[in-house]
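I have placed the structure first, in the form of structure tokens, so that the comments after it can refer back to it.
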Amino acid sequence: MWYYNSQIIKTPKAMQIGDLKYSKGLFKDATKMAELGIKPYSQVTPDNRYYYNGAYTVDTSGDEVVGTYAGTAKTAASLTPNMLEKTKTAITSAMEKIDWYWVRASKSGGTAVPSAIATYSAALYTEYASKKTEIAALDTLAKVIEYENRAY
């Protein structure tokens, strides 16, 4: 992307600058672009998992124009319900893979659930309870960020 005359140019295009018309091939000639005042443009946005885009500022002072959105922090209370839902989905997905053991065991004369499967199921429920407690304790954005980026 490029920046010229307070405009962001996303794709090369034909332009009229002063009395001269330039084809979109202009964007292949860095020297001519610099001569005309067309600068490379980049945009900086905050991590949208944890911040909303806030005020927008543009710095045109350097060789590259940088547009920056200030971050407006999301609250832990707005993030934790989604974290709980993701955790529940992960546990449910794991349980769906072994539920058939209980269906088979419930049928008349069915085969008993193997102890390793029963132990695994109990571990899943224990882990889910633990994660719910941990997530409920996240009361600041910093704690949410640390928790989500912690090695598991």
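Ordering of the structure tokens sets the chain letters (A, B, ...), residue numbers begin anew at 1 in every chain, and ligands are numbered from 1 in the order given.
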Q.
Need the shell around Lys143 (chain A): protein/DNA/RNA residues with any atom at most 12 Å away, counting only C-alpha atoms. Skip same-chain ones fewer than 2 positions apart. Format as a list in words?
A. Tyr50, Thr75, Ala76, Ala77, Leu79, Thr80, Glu134, Ile135, Ala136, Ala137, Leu138, Asp139, Thr140, Leu141, Ile145, Glu146, Tyr147, Glu148, Asn149 and Arg150 of chain A
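Neighbours of region 106-121 of chain A closer than or equal to 8 Å, with only C-alpha atoms counted and sequence neighbours fewer than 5 positions away skipped, come out as Met95, Ile98 and Tyr101 of chain A.
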Could you save those same residues with N, CA and C atoms as a PDB file, in the first residue's frame?
```
ATOM      1  N   MET A  95     -15.015 -36.114  24.532  1.00  0.00           N
ATOM      2  CA  MET A  95     -15.985 -37.071  25.095  1.00  0.00           C
ATOM      3  C   MET A  95     -16.789 -37.771  23.994  1.00  0.00           C
ATOM      4  N   ILE A  98     -15.545 -41.105  22.835  1.00  0.00           N
ATOM      5  CA  ILE A  98     -15.602 -42.298  23.693  1.00  0.00           C
ATOM      6  C   ILE A  98     -17.002 -42.601  24.217  1.00  0.00           C
ATOM      7  N   TYR A 101     -18.742 -46.132  24.154  1.00  0.00           N
ATOM      8  CA  TYR A 101     -18.472 -47.198  25.133  1.00  0.00           C
ATOM      9  C   TYR A 101     -19.626 -47.331  26.130  1.00  0.00           C
TER      10      TYR A 101
END
```
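Using only C-alpha atoms, the residues found no farther than 12 Å from Leu20 (chain A), other than those of its own chain fewer than 6 positions away, are Ala14, Leu26 and Leu36 of chain A.
Our summary of the geometry notes that CA of Ala142 (chain A) is positioned 10.5 Å from CA of Lys74 (chain A).
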Q: Have a look at A:Asp47, A:Glu85, A:Glu35, A:Asp59 and name the one nearest to Lys132 (chain A); count only C-alpha atoms.
A: A:Glu85
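In this structure, CA of Trp2 (chain A) sits 12.7 Å away from CA of Val58 (chain A).
For the atom pair formed by CA of Tyr56 (chain A) and CA of Val44 (chain A), the distance is 9.6 Å, given to one decimal.
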Q: Would you return as JSON, numbers by chain the members of chain A that DSSP assigns to strand (DSSP E or B) on this structure's backbone?
A: {"A": [2, 3, 4, 7, 8, 9, 15, 16, 17, 20, 21, 22, 39, 40, 41, 42, 43, 44, 51, 52, 53, 54, 55, 56, 57, 58, 59, 65, 66, 67, 68, 69, 70, 71, 72, 73]}
Mind writing the picked residues with C-alpha atoms as a PDB file, in the first residue's frame?
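Listed below is the output, again01.pdb:
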```pdb
ATOM      1  CA  TRP A   2       1.011   3.571  -0.565  1.00  0.00           C
ATOM      2  CA  TYR A   3       0.149   7.002   0.726  1.00  0.00           C
ATOM      3  CA  TYR A   4      -0.257  10.144  -1.334  1.00  0.00           C
ATOM      4  CA  GLN A   7      -5.050   9.082   0.638  1.00  0.00           C
ATOM      5  CA  ILE A   8      -4.238   5.426   1.145  1.00  0.00           C
ATOM      6  CA  ILE A   9      -3.721   3.631  -2.162  1.00  0.00           C
ATOM      7  CA  MET A  15      -3.086   8.753 -11.307  1.00  0.00           C
ATOM      8  CA  GLN A  16      -3.082  12.367 -12.333  1.00  0.00           C
ATOM      9  CA  ILE A  17      -0.540  14.406 -10.404  1.00  0.00           C
ATOM     10  CA  LEU A  20       0.613  14.816 -15.818  1.00  0.00           C
ATOM     11  CA  LYS A  21      -1.156  11.470 -15.998  1.00  0.00           C
ATOM     12  CA  TYR A  22       0.685   8.354 -14.847  1.00  0.00           C
ATOM     13  CA  LYS A  39       5.334   6.884   0.089  1.00  0.00           C
ATOM     14  CA  PRO A  40       4.971   3.276   1.201  1.00  0.00           C
ATOM     15  CA  TYR A  41       2.182   2.870   3.756  1.00  0.00           C
ATOM     16  CA  SER A  42       1.784   0.385   6.576  1.00  0.00           C
ATOM     17  CA  GLN A  43      -0.846   0.050   9.226  1.00  0.00           C
ATOM     18  CA  VAL A  44      -0.425  -0.988  12.841  1.00  0.00           C
ATOM     19  CA  TYR A  51      -8.169  -4.869  22.117  1.00  0.00           C
ATOM     20  CA  TYR A  52     -10.642  -2.900  20.048  1.00  0.00           C
ATOM     21  CA  ASN A  53      -9.305  -0.444  17.486  1.00  0.00           C
ATOM     22  CA  GLY A  54      -9.242   2.983  19.089  1.00  0.00           C
ATOM     23  CA  ALA A  55      -8.165   6.370  17.788  1.00  0.00           C
ATOM     24  CA  TYR A  56      -6.367   6.394  14.442  1.00  0.00           C
ATOM     25  CA  THR A  57      -3.254   8.494  13.849  1.00  0.00           C
ATOM     26  CA  VAL A  58      -1.020   8.873  10.803  1.00  0.00           C
ATOM     27  CA  ASP A  59       2.705   9.600  10.930  1.00  0.00           C
ATOM     28  CA  VAL A  65       3.798   6.525   6.301  1.00  0.00           C
ATOM     29  CA  VAL A  66       2.482   4.587   9.293  1.00  0.00           C
ATOM     30  CA  GLY A  67      -1.181   4.560  10.284  1.00  0.00           C
ATOM     31  CA  THR A  68      -1.669   3.412  13.863  1.00  0.00           C
ATOM     32  CA  TYR A  69      -4.788   2.435  15.754  1.00  0.00           C
ATOM     33  CA  ALA A  70      -4.532   2.901  19.506  1.00  0.00           C
ATOM     34  CA  GLY A  71      -5.756  -0.110  21.416  1.00  0.00           C
ATOM     35  CA  THR A  72      -8.817   0.078  23.611  1.00  0.00           C
ATOM     36  CA  ALA A  73      -8.627  -2.847  26.023  1.00  0.00           C
TER      37      ALA A  73
END
```
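In this comparison, which uses only C-alpha atoms, the residue of A:Met1, A:Ala123, A:Thr45, A:Glu64 approaching Phe27 (chain A) most closely is A:Met1.
Between Met83 (chain A) and the candidates A:Ala105, A:Thr60, A:Ser23, A:Val144, the tightest atom-to-atom separation, counting only C-alpha atoms, involves A:Val144.
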Could you pull out the alpha helix (DSSP H) residues of region 99-133 of chain A, going by DSSP on the backbone, and write them as a CSV table (one decimal) with N, CA, C and O atoms, in the first residue's frame?
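The new file out-v7.csv reads:
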```
chain,number,residue,atom,x,y,z
A,99,ASP,N,-18.0,-41.8,23.9
A,99,ASP,CA,-19.3,-42.0,24.4
A,99,ASP,C,-19.9,-43.3,24.0
A,99,ASP,O,-20.7,-43.9,24.7
A,100,TRP,N,-19.5,-43.8,22.9
A,100,TRP,CA,-20.1,-45.1,22.4
A,100,TRP,C,-19.8,-46.3,23.4
A,100,TRP,O,-20.6,-47.2,23.4
A,101,TYR,N,-18.7,-46.1,24.2
A,101,TYR,CA,-18.5,-47.2,25.1
A,101,TYR,C,-19.6,-47.3,26.1
A,101,TYR,O,-20.0,-48.4,26.5
A,102,TRP,N,-20.2,-46.2,26.6
A,102,TRP,CA,-21.3,-46.2,27.5
A,102,TRP,C,-22.6,-46.7,26.9
A,102,TRP,O,-23.4,-47.4,27.5
A,103,VAL,N,-22.8,-46.3,25.6
A,103,VAL,CA,-24.0,-46.8,24.9
A,103,VAL,C,-23.9,-48.3,24.8
A,103,VAL,O,-24.9,-49.0,25.0
A,104,ARG,N,-22.7,-48.8,24.4
A,104,ARG,CA,-22.6,-50.3,24.2
A,104,ARG,C,-22.8,-51.0,25.6
A,104,ARG,O,-23.4,-52.0,25.7
A,105,ALA,N,-22.3,-50.4,26.7
A,105,ALA,CA,-22.4,-51.0,28.0
A,105,ALA,C,-23.8,-51.0,28.5
A,105,ALA,O,-24.2,-51.9,29.3
A,106,SER,N,-24.6,-50.0,28.1
A,106,SER,CA,-26.0,-49.9,28.6
A,106,SER,C,-26.9,-50.9,28.0
A,106,SER,O,-28.0,-51.1,28.5
A,115,SER,N,-11.5,-49.9,31.8
A,115,SER,CA,-11.1,-49.1,32.9
A,115,SER,C,-10.3,-47.9,32.4
A,115,SER,O,-10.4,-46.8,32.9
A,116,ALA,N,-9.5,-48.1,31.4
A,116,ALA,CA,-8.7,-47.0,30.8
A,116,ALA,C,-9.6,-45.9,30.3
A,116,ALA,O,-9.3,-44.7,30.4
A,117,ILE,N,-10.6,-46.3,29.6
A,117,ILE,CA,-11.6,-45.3,29.1
A,117,ILE,C,-12.3,-44.6,30.2
A,117,ILE,O,-12.5,-43.4,30.2
A,118,ALA,N,-12.7,-45.3,31.2
A,118,ALA,CA,-13.4,-44.7,32.4
A,118,ALA,C,-12.5,-43.7,33.1
A,118,ALA,O,-12.9,-42.6,33.5
A,119,THR,N,-11.2,-44.1,33.2
A,119,THR,CA,-10.2,-43.2,33.8
A,119,THR,C,-10.0,-42.0,33.0
A,119,THR,O,-9.9,-40.8,33.5
A,120,TYR,N,-9.9,-42.1,31.7
A,120,TYR,CA,-9.8,-41.0,30.8
A,120,TYR,C,-10.9,-40.1,30.8
A,120,TYR,O,-10.8,-38.8,30.9
A,121,SER,N,-12.1,-40.6,30.9
A,121,SER,CA,-13.4,-39.8,31.0
A,121,SER,C,-13.4,-39.0,32.3
A,121,SER,O,-13.7,-37.8,32.3
A,122,ALA,N,-13.0,-39.6,33.4
A,122,ALA,CA,-13.0,-38.9,34.7
A,122,ALA,C,-11.9,-37.8,34.6
A,122,ALA,O,-12.1,-36.7,35.2
A,123,ALA,N,-10.8,-38.1,34.0
A,123,ALA,CA,-9.7,-37.1,33.9
A,123,ALA,C,-10.2,-35.9,33.0
A,123,ALA,O,-9.9,-34.7,33.4
A,124,LEU,N,-11.0,-36.1,32.0
A,124,LEU,CA,-11.5,-35.0,31.2
A,124,LEU,C,-12.5,-34.2,32.0
A,124,LEU,O,-12.4,-32.9,32.0
A,125,TYR,N,-13.4,-34.8,32.8
A,125,TYR,CA,-14.3,-34.0,33.6
A,125,TYR,C,-13.5,-33.2,34.7
A,125,TYR,O,-13.9,-32.1,35.0
A,126,THR,N,-12.5,-33.8,35.3
A,126,THR,CA,-11.7,-33.1,36.3
A,126,THR,C,-11.0,-31.9,35.7
A,126,THR,O,-10.9,-30.9,36.3
A,127,GLU,N,-10.4,-32.1,34.5
A,127,GLU,CA,-9.7,-31.1,33.8
A,127,GLU,C,-10.7,-29.9,33.5
A,127,GLU,O,-10.3,-28.8,33.6
A,128,TYR,N,-11.9,-30.3,33.0
A,128,TYR,CA,-12.9,-29.2,32.7
A,128,TYR,C,-13.2,-28.4,33.9
A,128,TYR,O,-13.3,-27.2,33.9
A,129,ALA,N,-13.4,-29.1,35.1
A,129,ALA,CA,-13.7,-28.4,36.3
A,129,ALA,C,-12.6,-27.5,36.7
A,129,ALA,O,-12.8,-26.3,37.1
A,130,SER,N,-11.4,-28.0,36.5
A,130,SER,CA,-10.2,-27.2,36.9
A,130,SER,C,-10.1,-25.9,36.0
A,130,SER,O,-9.8,-24.8,36.5
A,131,LYS,N,-10.3,-26.1,34.7
A,131,LYS,CA,-10.2,-25.0,33.7
A,131,LYS,C,-11.3,-24.0,34.0
A,131,LYS,O,-11.1,-22.8,33.9
A,132,LYS,N,-12.5,-24.4,34.4
A,132,LYS,CA,-13.6,-23.5,34.7
A,132,LYS,C,-13.2,-22.6,35.9
A,132,LYS,O,-13.4,-21.4,35.9
A,133,THR,N,-12.6,-23.2,36.9
A,133,THR,CA,-12.2,-22.5,38.1
A,133,THR,C,-11.1,-21.5,37.7
A,133,THR,O,-11.1,-20.3,38.2
```
(Q) Which residue is closest to Asp63 (chain A)? Choose from A:Ser6, A:Gly25, A:Gly37, A:Tyr152 and count only C-alpha atoms. (A) A:Gly37
